[in-house]
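Novice: Pasting run-v7.txt below, which is compact mmCIF, C-alpha atoms.
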# COMPACT_ATOMS: atom_id res chain seq x y z
CA MET A 773 -37.82 -19.45 32.79
CA PRO A 774 -40.89 -21.52 33.69
CA ASP A 775 -40.72 -25.15 32.64
CA PRO A 776 -42.92 -25.53 29.51
CA ILE A 777 -43.46 -29.25 30.22
CA HIS A 778 -44.73 -28.66 33.74
CA GLN A 779 -48.29 -28.07 32.52
CA PHE A 780 -48.57 -31.66 31.27
CA GLU A 781 -47.80 -33.18 34.65
CA ILE A 782 -50.49 -35.61 35.78
CA LYS A 783 -51.45 -35.03 39.41
CA ARG A 784 -53.43 -37.48 41.46
CA ILE A 785 -56.41 -35.79 43.07
CA LEU A 786 -57.96 -38.88 44.62
CA GLU A 787 -55.75 -41.89 45.27
CA LEU A 788 -57.46 -45.09 44.22
CA ASP A 789 -56.00 -48.55 43.87
CA LEU A 790 -58.13 -51.18 42.14
CA PHE A 791 -56.62 -54.66 42.50
CA GLY A 792 -53.08 -53.38 42.02
CA ILE A 793 -54.05 -51.06 39.14
CA ASP A 794 -53.51 -47.38 39.76
CA ALA A 795 -56.96 -45.97 38.99
CA SER A 796 -56.48 -42.65 40.77
CA PHE A 797 -58.70 -39.74 39.86
CA THR A 798 -56.25 -37.32 38.21
CA ASN A 799 -56.41 -33.76 36.95
CA SER A 800 -56.70 -35.25 33.45
CA ALA A 801 -59.75 -37.25 34.52
CA LEU A 802 -61.19 -34.18 36.23
CA TRP A 803 -61.13 -32.16 33.01
CA MET A 804 -62.61 -35.06 31.09
CA VAL A 805 -65.48 -35.09 33.60
CA VAL A 806 -65.84 -31.31 33.19
CA ALA A 807 -66.02 -31.77 29.42
CA VAL A 808 -68.67 -34.49 29.70
CA VAL A 809 -70.73 -32.40 32.12
CA LEU A 810 -70.55 -29.33 29.85
CA ILE A 811 -71.50 -31.34 26.76
CA SER A 812 -74.42 -32.90 28.62
CA LEU A 813 -75.55 -29.48 29.80
CA LEU A 814 -75.29 -28.10 26.28
CA THR A 815 -77.26 -30.89 24.66
CA ILE A 816 -79.80 -31.67 27.39
CA TRP A 817 -80.42 -28.21 28.80
CA GLY A 818 -79.90 -26.50 25.44
CA MET A 819 -82.46 -28.68 23.71
CA GLY A 820 -84.76 -28.66 26.75
CA GLY A 821 -86.78 -25.74 25.38
CA ARG A 822 -87.34 -27.37 21.98
CA ALA A 823 -88.31 -23.97 20.69
CA LEU A 824 -89.13 -23.55 17.02
CA VAL A 825 -87.04 -20.39 17.10
CA PRO A 826 -83.99 -21.55 19.03
CA ASN A 827 -82.22 -19.46 21.63
CA ARG A 828 -78.43 -19.22 21.58
CA LEU A 829 -77.71 -22.43 23.49
CA GLN A 830 -80.16 -24.43 21.42
CA SER A 831 -78.63 -22.99 18.23
CA VAL A 832 -75.19 -24.20 19.27
CA ALA A 833 -76.56 -27.67 20.05
CA GLU A 834 -78.43 -27.77 16.73
CA ILE A 835 -75.47 -26.51 14.71
CA SER A 836 -73.16 -29.14 16.20
CA TYR A 837 -75.76 -31.81 15.51
CA GLU A 838 -76.19 -30.73 11.89
CA PHE A 839 -72.45 -30.37 11.38
CA ILE A 840 -71.71 -33.95 12.41
CA ALA A 841 -74.88 -35.38 10.85
CA ASN A 842 -73.91 -33.89 7.49
CA MET A 843 -70.37 -35.18 7.86
CA VAL A 844 -71.58 -38.71 8.61
CA ARG A 845 -74.11 -38.61 5.75
CA ASP A 846 -71.53 -37.27 3.27
CA ILE A 847 -68.70 -39.63 4.14
CA VAL A 848 -70.22 -42.82 5.56
CA GLY A 849 -73.51 -42.57 3.69
CA VAL A 850 -77.09 -42.51 4.92
CA SER A 851 -76.76 -46.10 6.13
CA GLY A 852 -73.94 -44.91 8.38
CA MET A 853 -76.26 -42.70 10.42
CA LYS A 854 -76.43 -45.43 13.05
CA PHE A 855 -72.87 -44.44 13.88
CA PHE A 856 -73.89 -40.82 14.35
CA PRO A 857 -74.01 -41.03 18.16
CA PHE A 858 -70.53 -42.54 18.17
CA VAL A 859 -69.00 -39.89 15.92
CA PHE A 860 -70.88 -37.06 17.64
CA THR A 861 -69.67 -38.19 21.06
CA ILE A 862 -66.07 -38.42 19.89
CA PHE A 863 -66.19 -35.03 18.17
CA MET A 864 -67.78 -33.19 21.09
CA PHE A 865 -65.52 -34.87 23.63
CA ILE A 866 -62.32 -33.95 21.78
CA LEU A 867 -63.55 -30.47 20.89
CA PHE A 868 -64.40 -29.69 24.51
CA LEU A 869 -61.17 -31.18 25.84
CA ASN A 870 -59.17 -29.11 23.34
CA MET A 871 -61.08 -25.90 24.04
CA LEU A 872 -61.08 -26.35 27.82
CA GLY A 873 -57.34 -26.91 27.64
CA LEU A 874 -56.94 -23.36 26.34
CA LEU A 875 -58.33 -21.90 29.59
CA PRO A 876 -55.54 -20.62 31.83
CA GLY A 877 -54.73 -23.19 34.49
CA ALA A 878 -56.68 -25.95 32.81
CA PHE A 879 -55.23 -29.33 31.94
CA THR A 880 -55.43 -30.47 28.31
CA ALA A 881 -56.40 -34.13 28.47
CA THR A 882 -55.84 -34.52 24.72
CA SER A 883 -52.19 -33.56 25.18
CA SER A 884 -51.44 -36.98 26.69
CA ILE A 885 -50.95 -39.79 24.23
CA SER A 886 -52.76 -42.23 26.54
CA VAL A 887 -56.05 -40.38 26.05
CA THR A 888 -55.77 -39.93 22.28
CA ALA A 889 -54.46 -43.48 21.80
CA ALA A 890 -57.42 -44.86 23.76
CA LEU A 891 -59.82 -42.90 21.52
CA ALA A 892 -58.00 -43.96 18.33
CA LEU A 893 -57.94 -47.62 19.41
CA LEU A 894 -61.64 -47.41 20.21
CA VAL A 895 -62.26 -46.30 16.62
CA PHE A 896 -59.80 -48.88 15.27
CA PHE A 897 -61.45 -51.83 17.01
CA THR A 898 -64.94 -50.54 16.24
CA VAL A 899 -63.99 -50.53 12.55
CA ILE A 900 -62.59 -54.08 12.74
CA ILE A 901 -65.58 -55.47 14.65
CA VAL A 902 -68.16 -53.70 12.47
CA GLY A 903 -66.25 -54.67 9.33
CA PHE A 904 -66.22 -58.36 10.16
CA ALA A 905 -69.77 -58.33 11.52
CA LYS A 906 -71.15 -56.66 8.37
CA ASN A 907 -69.06 -58.32 5.66
CA GLY A 908 -67.67 -61.46 7.28
CA LEU A 909 -64.39 -62.42 5.62
CA GLY A 910 -65.28 -60.01 2.82
CA PHE A 911 -63.81 -57.33 5.07
CA LEU A 912 -60.37 -58.70 4.13
CA LYS A 913 -61.00 -57.37 0.60
CA LEU A 914 -59.84 -54.10 2.14
CA PHE A 915 -56.31 -55.45 1.84
CA VAL A 916 -56.71 -56.83 -1.68
CA PRO A 917 -57.49 -54.08 -4.17
CA SER A 918 -59.38 -55.36 -7.19
CA GLY A 919 -57.89 -55.40 -10.69
CA ILE A 920 -54.28 -56.00 -9.74
CA PRO A 921 -52.08 -58.75 -11.24
CA LYS A 922 -51.58 -61.72 -8.89
CA ILE A 923 -47.83 -61.24 -8.68
CA LEU A 924 -48.19 -57.66 -7.48
CA LEU A 925 -50.42 -58.78 -4.61
CA LEU A 926 -47.25 -60.05 -2.92
CA LEU A 927 -46.18 -56.42 -2.71
CA VAL A 928 -49.52 -54.70 -2.34
CA VAL A 929 -51.02 -56.76 0.49
CA PRO A 930 -48.23 -56.04 3.02
CA ILE A 931 -48.41 -52.37 2.06
CA GLU A 932 -52.17 -52.32 2.57
CA ILE A 933 -51.86 -54.08 5.91
CA ILE A 934 -49.22 -51.62 7.12
CA SER A 935 -51.37 -48.79 5.83
CA PHE A 936 -54.30 -50.14 7.85
CA LEU A 937 -52.22 -50.67 10.99
CA SER A 938 -50.77 -47.16 10.73
CA ARG A 939 -54.24 -45.64 11.08
CA PRO A 940 -54.54 -45.64 14.88
CA VAL A 941 -50.94 -44.38 15.13
CA SER A 942 -51.44 -41.36 12.88
CA HIS A 943 -54.95 -40.87 14.25
CA SER A 944 -53.76 -40.56 17.86
CA VAL A 945 -50.34 -38.97 17.34
CA ARG A 946 -51.72 -36.15 15.19
CA LEU A 947 -54.14 -34.96 17.85
CA PHE A 948 -51.69 -35.47 20.70
CA ALA A 949 -48.75 -33.80 18.93
CA ASN A 950 -50.81 -30.81 17.82
CA MET A 951 -52.11 -30.10 21.30
CA LEU A 952 -48.74 -30.74 22.96
CA ALA A 953 -46.78 -28.58 20.51
CA GLY A 954 -49.32 -25.77 20.63
CA HIS A 955 -49.35 -25.59 24.41
CA ILE A 956 -45.56 -25.74 24.66
CA THR A 957 -45.17 -22.87 22.19
CA LEU A 958 -47.75 -20.83 24.06
CA LYS A 959 -45.98 -21.46 27.33
CA VAL A 960 -42.56 -20.57 25.88
CA PHE A 961 -43.77 -17.25 24.51
CA GLY A 962 -45.62 -16.56 27.75
CA GLY A 963 -42.37 -17.33 29.57
CA PHE A 964 -40.50 -14.79 27.43
CA VAL A 965 -42.95 -12.09 28.45
CA THR A 966 -42.48 -12.67 32.18
CA MET A 967 -38.70 -12.95 31.76
CA LEU A 968 -38.41 -9.69 29.83
CA ILE A 969 -40.66 -7.81 32.22
CA GLY A 970 -38.73 -9.30 35.11
CA THR A 971 -35.44 -7.85 33.86
CA GLY A 972 -37.03 -4.41 33.78
CA GLY A 973 -35.75 -1.26 32.04
CA ALA A 974 -35.68 -1.06 28.26
CA LEU A 975 -36.04 -4.83 27.89
CA ALA A 976 -39.45 -4.73 29.57
CA ALA A 977 -40.72 -2.68 26.63
CA VAL A 978 -39.61 -5.42 24.22
CA ALA A 979 -41.95 -7.81 26.02
CA ILE A 980 -44.73 -6.52 23.77
CA PHE A 981 -43.38 -8.66 20.90
CA PRO A 982 -43.66 -12.10 22.52
CA LEU A 983 -46.97 -10.96 24.01
CA THR A 984 -48.32 -10.20 20.53
CA MET A 985 -47.01 -13.56 19.39
CA ALA A 986 -48.71 -15.33 22.29
CA LEU A 987 -51.95 -13.56 21.46
CA ALA A 988 -51.76 -14.61 17.81
CA LEU A 989 -50.84 -18.15 18.83
CA THR A 990 -53.84 -18.33 21.13
CA ALA A 991 -56.08 -17.49 18.19
CA LEU A 992 -54.31 -20.12 16.12
CA GLU A 993 -54.72 -22.64 18.93
CA VAL A 994 -58.49 -22.07 18.99
CA LEU A 995 -58.51 -22.89 15.28
CA VAL A 996 -56.29 -25.94 15.79
CA ALA A 997 -58.45 -27.14 18.68
CA PHE A 998 -61.48 -27.14 16.41
CA LEU A 999 -59.69 -28.47 13.33
CA GLN A 1000 -58.14 -31.39 15.19
CA ALA A 1001 -61.50 -32.42 16.59
CA TYR A 1002 -62.93 -32.07 13.07
CA VAL A 1003 -60.13 -34.12 11.50
CA PHE A 1004 -60.45 -36.82 14.14
CA ALA A 1005 -64.20 -37.10 13.55
CA MET A 1006 -63.79 -36.95 9.76
CA LEU A 1007 -61.22 -39.76 9.75
CA THR A 1008 -63.44 -41.79 12.05
CA CYS A 1009 -66.16 -41.42 9.41
CA MET A 1010 -63.77 -42.48 6.62
CA TYR A 1011 -62.68 -45.56 8.54
CA LEU A 1012 -66.30 -46.45 9.27
CA HIS A 1013 -66.99 -46.07 5.55
CA ASP A 1014 -64.24 -48.62 4.89
CA ALA A 1015 -65.76 -50.94 7.47
CA LEU A 1016 -69.17 -50.81 5.76
CA HIS A 1017 -67.88 -50.85 2.18
CA PRO A 1018 -64.55 -52.71 1.96
CA GLY A 1019 -62.91 -53.03 -1.44
CA HIS A 1020 -62.07 -49.60 -2.81
CA MET B 1414 -129.95 -30.60 5.71
CA ALA B 1415 -128.47 -33.16 3.33
CA GLY B 1416 -127.30 -30.33 1.08
CA SER B 1417 -125.49 -28.52 3.86
CA ALA B 1418 -123.74 -31.74 4.88
CA LYS B 1419 -122.60 -32.25 1.30
CA SER B 1420 -121.30 -28.72 0.96
CA SER B 1421 -119.29 -29.02 4.17
CA GLU B 1422 -117.83 -32.29 2.87
CA SER B 1423 -116.73 -30.68 -0.38
CA ASP B 1424 -115.28 -27.89 1.74
CA THR B 1425 -113.10 -30.35 3.62
CA THR B 1426 -111.91 -32.00 0.41
CA SER B 1427 -111.00 -28.64 -1.11
CA ASP B 1428 -109.29 -27.80 2.18
CA ALA B 1429 -107.33 -31.04 1.95
CA ASP B 1430 -106.42 -30.18 -1.65
CA ALA B 1431 -105.25 -26.76 -0.63
CA ILE B 1432 -103.19 -28.20 2.19
CA GLN B 1433 -101.72 -30.78 -0.17
CA ARG B 1434 -100.83 -28.05 -2.65
CA ARG B 1435 -99.23 -25.97 0.06
CA LEU B 1436 -97.31 -29.00 1.28
CA THR B 1437 -95.85 -29.80 -2.14
CA ASP B 1438 -95.06 -26.12 -2.60
CA LEU B 1439 -93.31 -26.07 0.75
CA ASP B 1440 -91.42 -29.25 -0.18
CA ARG B 1441 -90.23 -27.66 -3.39
CA ARG B 1442 -89.09 -24.49 -1.64
CA LEU B 1443 -87.37 -26.52 1.08
CA ASP B 1444 -85.52 -28.48 -1.58
CA GLN B 1445 -84.39 -25.27 -3.25
CA THR B 1446 -83.17 -23.80 0.01
CA LYS B 1447 -81.42 -27.04 0.87
CA THR B 1448 -79.53 -27.23 -2.41
CA ARG B 1449 -78.54 -23.58 -2.04
CA ARG B 1450 -77.39 -24.17 1.54
CA GLU B 1451 -75.36 -27.20 0.55
CA ALA B 1452 -73.70 -25.27 -2.23
CA GLN B 1453 -72.74 -22.67 0.38
CA ASN B 1454 -71.56 -25.29 2.83
CA VAL B 1455 -68.98 -26.65 0.42
CA ARG B 1456 -66.91 -23.47 0.48
CA PRO B 1457 -65.63 -23.31 4.08
CA ALA B 1458 -64.64 -26.97 3.92
CA ARG B 1459 -62.48 -26.24 0.90
CA GLN B 1460 -60.81 -23.24 2.52
CA SER B 1461 -59.66 -25.10 5.61
CA GLY B 1462 -58.93 -28.14 3.46
CA GLY B 1463 -55.35 -27.17 2.67
CA PHE B 1464 -54.26 -26.86 6.27
CA VAL B 1465 -56.12 -29.99 7.33
CA LEU B 1466 -54.65 -31.93 4.45
CA ALA B 1467 -51.10 -30.79 5.16
CA VAL B 1468 -51.31 -31.86 8.79
CA ARG B 1469 -52.88 -35.14 7.76
CA ALA B 1470 -50.41 -36.02 5.02
CA VAL B 1471 -47.36 -35.59 7.25
CA SER B 1472 -48.74 -37.71 10.09
CA GLU B 1473 -49.96 -40.42 7.70
CA LEU B 1474 -46.53 -40.76 6.12
CA ILE B 1475 -44.64 -40.82 9.40
CA ALA B 1476 -47.08 -43.24 11.03
CA ALA B 1477 -46.85 -45.74 8.17
CA VAL B 1478 -43.03 -45.66 8.13
CA LEU B 1479 -43.03 -46.08 11.90
CA VAL B 1480 -45.46 -49.00 11.88
CA GLY B 1481 -43.60 -50.71 9.02
CA SER B 1482 -40.28 -50.36 10.82
CA VAL B 1483 -41.70 -51.65 14.09
CA ILE B 1484 -43.19 -54.70 12.34
CA GLY B 1485 -39.86 -55.38 10.60
CA TRP B 1486 -37.94 -54.93 13.83
CA GLY B 1487 -40.32 -57.25 15.66
CA LEU B 1488 -40.04 -59.95 12.98
CA ASP B 1489 -36.24 -59.59 13.00
CA TRP B 1490 -36.23 -59.94 16.75
CA GLY B 1491 -38.39 -63.04 16.55
CA LEU B 1492 -36.69 -64.72 13.58
CA GLY B 1493 -33.15 -63.56 14.21
CA THR B 1494 -32.72 -62.17 10.71
CA SER B 1495 -31.61 -58.72 11.77
CA PRO B 1496 -31.48 -56.37 9.93
CA VAL B 1497 -32.94 -57.77 6.69
CA LEU B 1498 -36.64 -57.60 7.54
CA LEU B 1499 -36.28 -54.22 9.24
CA LEU B 1500 -34.97 -52.80 5.95
CA VAL B 1501 -37.61 -54.57 3.86
CA PHE B 1502 -40.48 -53.46 6.08
CA PHE B 1503 -39.10 -49.95 6.37
CA LEU B 1504 -39.48 -49.74 2.60
CA PHE B 1505 -42.93 -51.35 2.79
CA GLY B 1506 -43.83 -48.78 5.43
CA PHE B 1507 -42.63 -45.95 3.24
CA ALA B 1508 -44.67 -47.30 0.33
CA ALA B 1509 -47.70 -47.58 2.61
CA GLY B 1510 -47.12 -44.00 3.73
CA VAL B 1511 -47.07 -42.78 0.15
CA VAL B 1512 -50.24 -44.77 -0.54
CA ASN B 1513 -51.82 -43.14 2.52
CA VAL B 1514 -50.88 -39.64 1.39
CA VAL B 1515 -52.09 -40.25 -2.17
CA ARG B 1516 -55.33 -41.67 -0.80
CA ALA B 1517 -55.80 -38.78 1.60
CA THR B 1518 -55.42 -36.20 -1.17
CA LYS B 1519 -57.53 -38.18 -3.62
CA HIS B 1520 -60.30 -38.76 -1.09
CA ASN B 1521 -60.47 -35.05 -0.39
CA LYS B 1522 -60.98 -34.16 -4.04
CA THR B 1523 -63.69 -36.74 -4.62
CA GLY B 1524 -65.29 -35.70 -1.34
CA VAL B 1525 -65.70 -32.15 -2.60
CA ALA B 1526 -66.96 -33.39 -5.96
CA ASP B 1527 -69.47 -35.62 -4.18
CA ALA B 1528 -70.69 -32.72 -2.07
CA GLU B 1529 -71.22 -30.67 -5.21
CA GLY B 1530 -73.16 -33.42 -6.93
CA GLY B 1531 -74.68 -34.47 -3.63
CA PRO B 1532 -78.11 -32.82 -3.60
CA SER B 1533 -79.31 -34.84 -6.60
For this file, produce the structure as structure tokens.
Specialist:
Amino acid sequence: MPDPIHQFEIKRILELDLFGIDASFTNSALWMVVAVVLISLLTIWGMGGRALVPNRLQSVAEISYEFIANMVRDIVGVSGMKFFPFVFTIFMFILFLNMLGLLPGAFTATSSISVTAALALLVFFTVIIVGFAKNGLGFLKLFVPSGIPKILLLLVVPIEIISFLSRPVSHSVRLFANMLAGHITLKVFGGFVTMLIGTGGALAAVAIFPLTMALALTALEVLVAFLQAYVFAMLTCMYLHDALHPGH
Amino acid sequence: MAGSAKSSESDTTSDADAIQRRLTDLDRRLDQTKTRREAQNVRPARQSGGFVLAVRAVSELIAAVLVGSVIGWGLDWGLGTSPVLLLVFFLFGFAAGVVNVVRATKHNKTGVADAEGGPS
């Protein structure tokens, strides 16, 4: 049976050592570069025509723009549109990494916690910096809900602080775990197919069942790839909303 | 000659009027289309909402319990009060997780309501 974890192995393509830090160009980095190049092609080349009646590529670029713009407007508010480039970049980056990971032989960069944690921490610190820059110490009102008896604050403030600190954890683990679990399941069912066919005879005919399952799972994974990118972007918007308007 | 100049001037003003009228008409129709579109847009979000919410709620709860426990464990380690603070902060973490889940579900409902009342 093929090892289902093998696909997540990070391989160094170009060895690079920067002042004692291992900054090698890995297969993970390669697929991130591929994602960035594809997104740039989609947005720059797709919008290059600027046709009034868009062709297919331009439609995709416009739909993704509208999708995220509406999300930012709905959740953060119109004043939050200055964060549109940030949210759009994060959404497209994760979406492309997730989708590219579904290609046979590709590496899913979002299936390593280091990548998702870096993205989640980026959002986390952006929220803290923007929150303090916009509201000063008023940002701390986030931890002190209004209209609560003083004595209860002793209980509520630690809870609110833990709730705030848990954001980057859930934010990163959700994306990472979904991609990891999905790819492992796919690999396991794919492994069943090759095993059953390998044994030959009557068992080879049974291989149709895990194959059907793998097919259905692939469809599910496409949905999950999109939904996880969507959830990540949506939560980024909600956290940015908190940064701009602390105090529930 | 003066008359012809005047007539052409009145032509341009009536042209401007017509354009203005067409513009406001277009604005009105655009608004109508937009409100209709937005009403349509709400639906797919609600359909996928259940799955998204389920995935969210679980991770929010686990993350808060985890963070609470780690904070408690760290304080215990620093203050040498093991395992009192670990237990206390585990409970705080659980409470924070429940708060997170409640907030996630509540936010979703108001979000949909906002989108419905949004076009105003």
Novice: So which one's closest to Gly1506 of chain B, A:Phe961, A:Phe936, A:Phe948, A:Phe1004? Using all atoms listed in the file, please.
Specialist: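 Smallest distance to Gly1506 of chain B is found for A:Phe936.
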Novice: So how many Å separate atom CA of Phe855 of chain A and atom CA of His1017 of chain A, to one decimal?
Specialist: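 Atom CA of His1017 of chain A lies at a distance of 14.2 Å from atom CA of Phe855 of chain A.
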Novice: Could you build a table of the residues in chain B lying no more than 9 Å from chain A, giving for each the nearest pair of atoms and their separation in Å rounded to one decimal place, using all atoms listed in the file, ordered by chain and ascending residue number, as a Markdown table?
Specialist:
| residue | atom | partner | partner_atom | distance |
| --- | --- | --- | --- | --- |
| B:Ser1461 | CA | A:Leu999 | CA | 8.4 |
| B:Val1465 | CA | A:Val1003 | CA | 7.1 |
| B:Val1468 | CA | A:Arg946 | CA | 7.7 |
| B:Arg1469 | CA | A:Arg946 | CA | 7.6 |
| B:Ser1472 | CA | A:Ser942 | CA | 5.3 |
| B:Glu1473 | CA | A:Ser942 | CA | 5.5 |
| B:Leu1474 | CA | A:Ser942 | CA | 8.4 |
| B:Ile1475 | CA | A:Ser942 | CA | 7.7 |
| B:Ala1476 | CA | A:Ser942 | CA | 5.1 |
| B:Ala1477 | CA | A:Ser938 | CA | 4.9 |
| B:Val1478 | CA | A:Ser938 | CA | 8.3 |
| B:Leu1479 | CA | A:Ser938 | CA | 7.9 |
| B:Val1480 | CA | A:Ser938 | CA | 5.7 |
| B:Gly1481 | CA | A:Ile934 | CA | 6.0 |
| B:Ile1484 | CA | A:Ile934 | CA | 8.5 |
| B:Phe1502 | CA | A:Pro930 | CA | 8.7 |
| B:Phe1505 | CA | A:Ile931 | CA | 5.6 |
| B:Gly1506 | CA | A:Ile934 | CA | 6.3 |
| B:Phe1507 | CA | A:Ile931 | CA | 8.7 |
| B:Ala1508 | CA | A:Ile931 | CA | 6.5 |
| B:Ala1509 | CA | A:Ile931 | CA | 4.9 |
| B:Gly1510 | CA | A:Ser935 | CA | 6.7 |
| B:Val1512 | CA | A:Ser935 | CA | 7.6 |
| B:Asn1513 | CA | A:Ser935 | CA | 6.6 |
| B:Gly1524 | CA | A:Ile847 | CA | 7.6 |
| B:Asp1527 | CA | A:Asp846 | CA | 7.9 |
| B:Ala1528 | CA | A:Asp846 | CA | 7.1 |
| B:Gly1531 | CA | A:Asp846 | CA | 8.1 |
Novice: Find, counting all atoms listed in the file, the residue in A:Ala833, A:Leu989, A:Val848, A:Ala878 that gets nearest to Leu802 of chain A.
Specialist: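 Checking each candidate against Leu802 of chain A, we get A:Ala878 as the closest.
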Novice: Mind checking which residues fall within 10 Å of Ala1001 of chain A, counting all atoms listed in the file, ignoring those fewer than 3 positions away in the same chain, and posting them as a list of chain:residue names?
Specialist: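 Non-adjacent residues within range: A:Ile862, A:Phe863, A:Met864, A:Phe865, A:Ile866, A:Leu867, A:Phe868, A:Leu869, A:Asn870, A:Met871, A:Leu947, A:Val996, A:Ala997, A:Phe998, A:Phe1004, A:Ala1005, A:Met1006.
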Novice: Can you work out the spacing between atom CA of Glu781 of chain A and atom CA of Leu968 of chain A in Å, to one decimal?
Specialist: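 About the pair atom CA of Glu781 of chain A and atom CA of Leu968 of chain A: they are 25.8 Å apart.
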Novice: Please identify all polymer residues within 12 Å of Ala976 of chain A, counting only C-alpha atoms, omitting same-chain residues fewer than 6 positions from it, and present them as a ChimeraX atom specification.
Specialist: /A:964-970,982-983
Novice: Take the residues that were just selected and, keeping C-alpha atoms, output them as a compact mmCIF listing (two decimals), keeping the file's coordinate frame.
Specialist:
# COMPACT_ATOMS: atom_id res chain seq x y z
CA PHE A 964 -40.50 -14.79 27.43
CA VAL A 965 -42.95 -12.09 28.45
CA THR A 966 -42.48 -12.67 32.18
CA MET A 967 -38.70 -12.95 31.76
CA LEU A 968 -38.41 -9.69 29.83
CA ILE A 969 -40.66 -7.81 32.22
CA GLY A 970 -38.73 -9.30 35.11
CA PRO A 982 -43.66 -12.10 22.52
CA LEU A 983 -46.97 -10.96 24.01
Novice: So what do you get for atom CA of Ala801 of chain A versus atom CA of Leu958 of chain A, distance-wise?
Specialist: 22.9 Å
Novice: Need the shell around Leu1499 of chain B: protein/DNA/RNA residues with any atom at most 8 Å away, counting all atoms listed in the file. Skip same-chain ones fewer than 5 positions apart. Format as a short mmCIF file (atom, residue, chain, number, x, y, z; two decimals) with C-alpha atoms, keeping the file's coordinate frame?
Specialist:
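Result file follows (around24.cif):
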data_model
loop_
_atom_site.label_atom_id
_atom_site.label_comp_id
_atom_site.auth_asym_id
_atom_site.auth_seq_id
_atom_site.Cartn_x
_atom_site.Cartn_y
_atom_site.Cartn_z
CA SER B 1482 -40.28 -50.36 10.82
CA VAL B 1483 -41.70 -51.65 14.09
CA ILE B 1484 -43.19 -54.70 12.34
CA GLY B 1485 -39.86 -55.38 10.60
CA TRP B 1486 -37.94 -54.93 13.83
CA LEU B 1488 -40.04 -59.95 12.98
CA ASP B 1489 -36.24 -59.59 13.00
#
Novice: For Phe858 of chain A, work out the shell of residues within 12 Å, counting all atoms listed in the file and skipping chain neighbours fewer than 5 positions away, then give it as an mmCIF file with C-alpha atoms, in the coordinates of the input.
Specialist:
data_model
loop_
_atom_site.group_PDB
_atom_site.id
_atom_site.type_symbol
_atom_site.label_atom_id
_atom_site.label_comp_id
_atom_site.auth_asym_id
_atom_site.auth_seq_id
_atom_site.Cartn_x
_atom_site.Cartn_y
_atom_site.Cartn_z
ATOM 1 C CA ILE A 840 -71.710 -33.950 12.410
ATOM 2 C CA ALA A 841 -74.880 -35.380 10.850
ATOM 3 C CA VAL A 844 -71.580 -38.710 8.610
ATOM 4 C CA GLY A 852 -73.940 -44.910 8.380
ATOM 5 C CA MET A 853 -76.260 -42.700 10.420
ATOM 6 C CA PHE A 863 -66.190 -35.030 18.170
ATOM 7 C CA MET A 864 -67.780 -33.190 21.090
ATOM 8 C CA PHE A 865 -65.520 -34.870 23.630
ATOM 9 C CA LEU A 891 -59.820 -42.900 21.520
ATOM 10 C CA LEU A 894 -61.640 -47.410 20.210
ATOM 11 C CA VAL A 895 -62.260 -46.300 16.620
ATOM 12 C CA THR A 898 -64.940 -50.540 16.240
ATOM 13 C CA VAL A 899 -63.990 -50.530 12.550
ATOM 14 C CA ALA A 1005 -64.200 -37.100 13.550
ATOM 15 C CA THR A 1008 -63.440 -41.790 12.050
ATOM 16 C CA CYS A 1009 -66.160 -41.420 9.410
ATOM 17 C CA LEU A 1012 -66.300 -46.450 9.270
#
Novice: For segment 895-904 of chain A, supply N, CA and C atoms and report the output as an mmCIF file, keeping the file's coordinate frame.
Specialist:
data_model
loop_
_atom_site.group_PDB
_atom_site.id
_atom_site.type_symbol
_atom_site.label_atom_id
_atom_site.label_comp_id
_atom_site.auth_asym_id
_atom_site.auth_seq_id
_atom_site.Cartn_x
_atom_site.Cartn_y
_atom_site.Cartn_z
ATOM 1 N N VAL A 895 -61.807 -46.386 18.012
ATOM 2 C CA VAL A 895 -62.260 -46.300 16.620
ATOM 3 C C VAL A 895 -61.743 -47.490 15.823
ATOM 4 N N PHE A 896 -60.459 -47.804 16.004
ATOM 5 C CA PHE A 896 -59.800 -48.880 15.270
ATOM 6 C C PHE A 896 -60.542 -50.214 15.469
ATOM 7 N N PHE A 897 -60.801 -50.554 16.745
ATOM 8 C CA PHE A 897 -61.450 -51.830 17.010
ATOM 9 C C PHE A 897 -62.920 -51.804 16.615
ATOM 10 N N THR A 898 -63.562 -50.641 16.725
ATOM 11 C CA THR A 898 -64.940 -50.540 16.240
ATOM 12 C C THR A 898 -64.989 -50.854 14.747
ATOM 13 N N VAL A 899 -64.026 -50.300 13.993
ATOM 14 C CA VAL A 899 -63.990 -50.530 12.550
ATOM 15 C C VAL A 899 -63.785 -52.019 12.265
ATOM 16 N N ILE A 900 -62.859 -52.654 12.982
ATOM 17 C CA ILE A 900 -62.590 -54.080 12.740
ATOM 18 C C ILE A 900 -63.824 -54.918 13.062
ATOM 19 N N ILE A 901 -64.429 -54.656 14.227
ATOM 20 C CA ILE A 901 -65.580 -55.470 14.650
ATOM 21 C C ILE A 901 -66.756 -55.251 13.699
ATOM 22 N N VAL A 902 -67.050 -53.990 13.388
ATOM 23 C CA VAL A 902 -68.160 -53.700 12.470
ATOM 24 C C VAL A 902 -67.872 -54.284 11.101
ATOM 25 N N GLY A 903 -66.626 -54.159 10.649
ATOM 26 C CA GLY A 903 -66.250 -54.670 9.330
ATOM 27 C C GLY A 903 -66.488 -56.162 9.215
ATOM 28 N N PHE A 904 -66.031 -56.918 10.221
ATOM 29 C CA PHE A 904 -66.220 -58.360 10.160
ATOM 30 C C PHE A 904 -67.669 -58.751 10.381
#
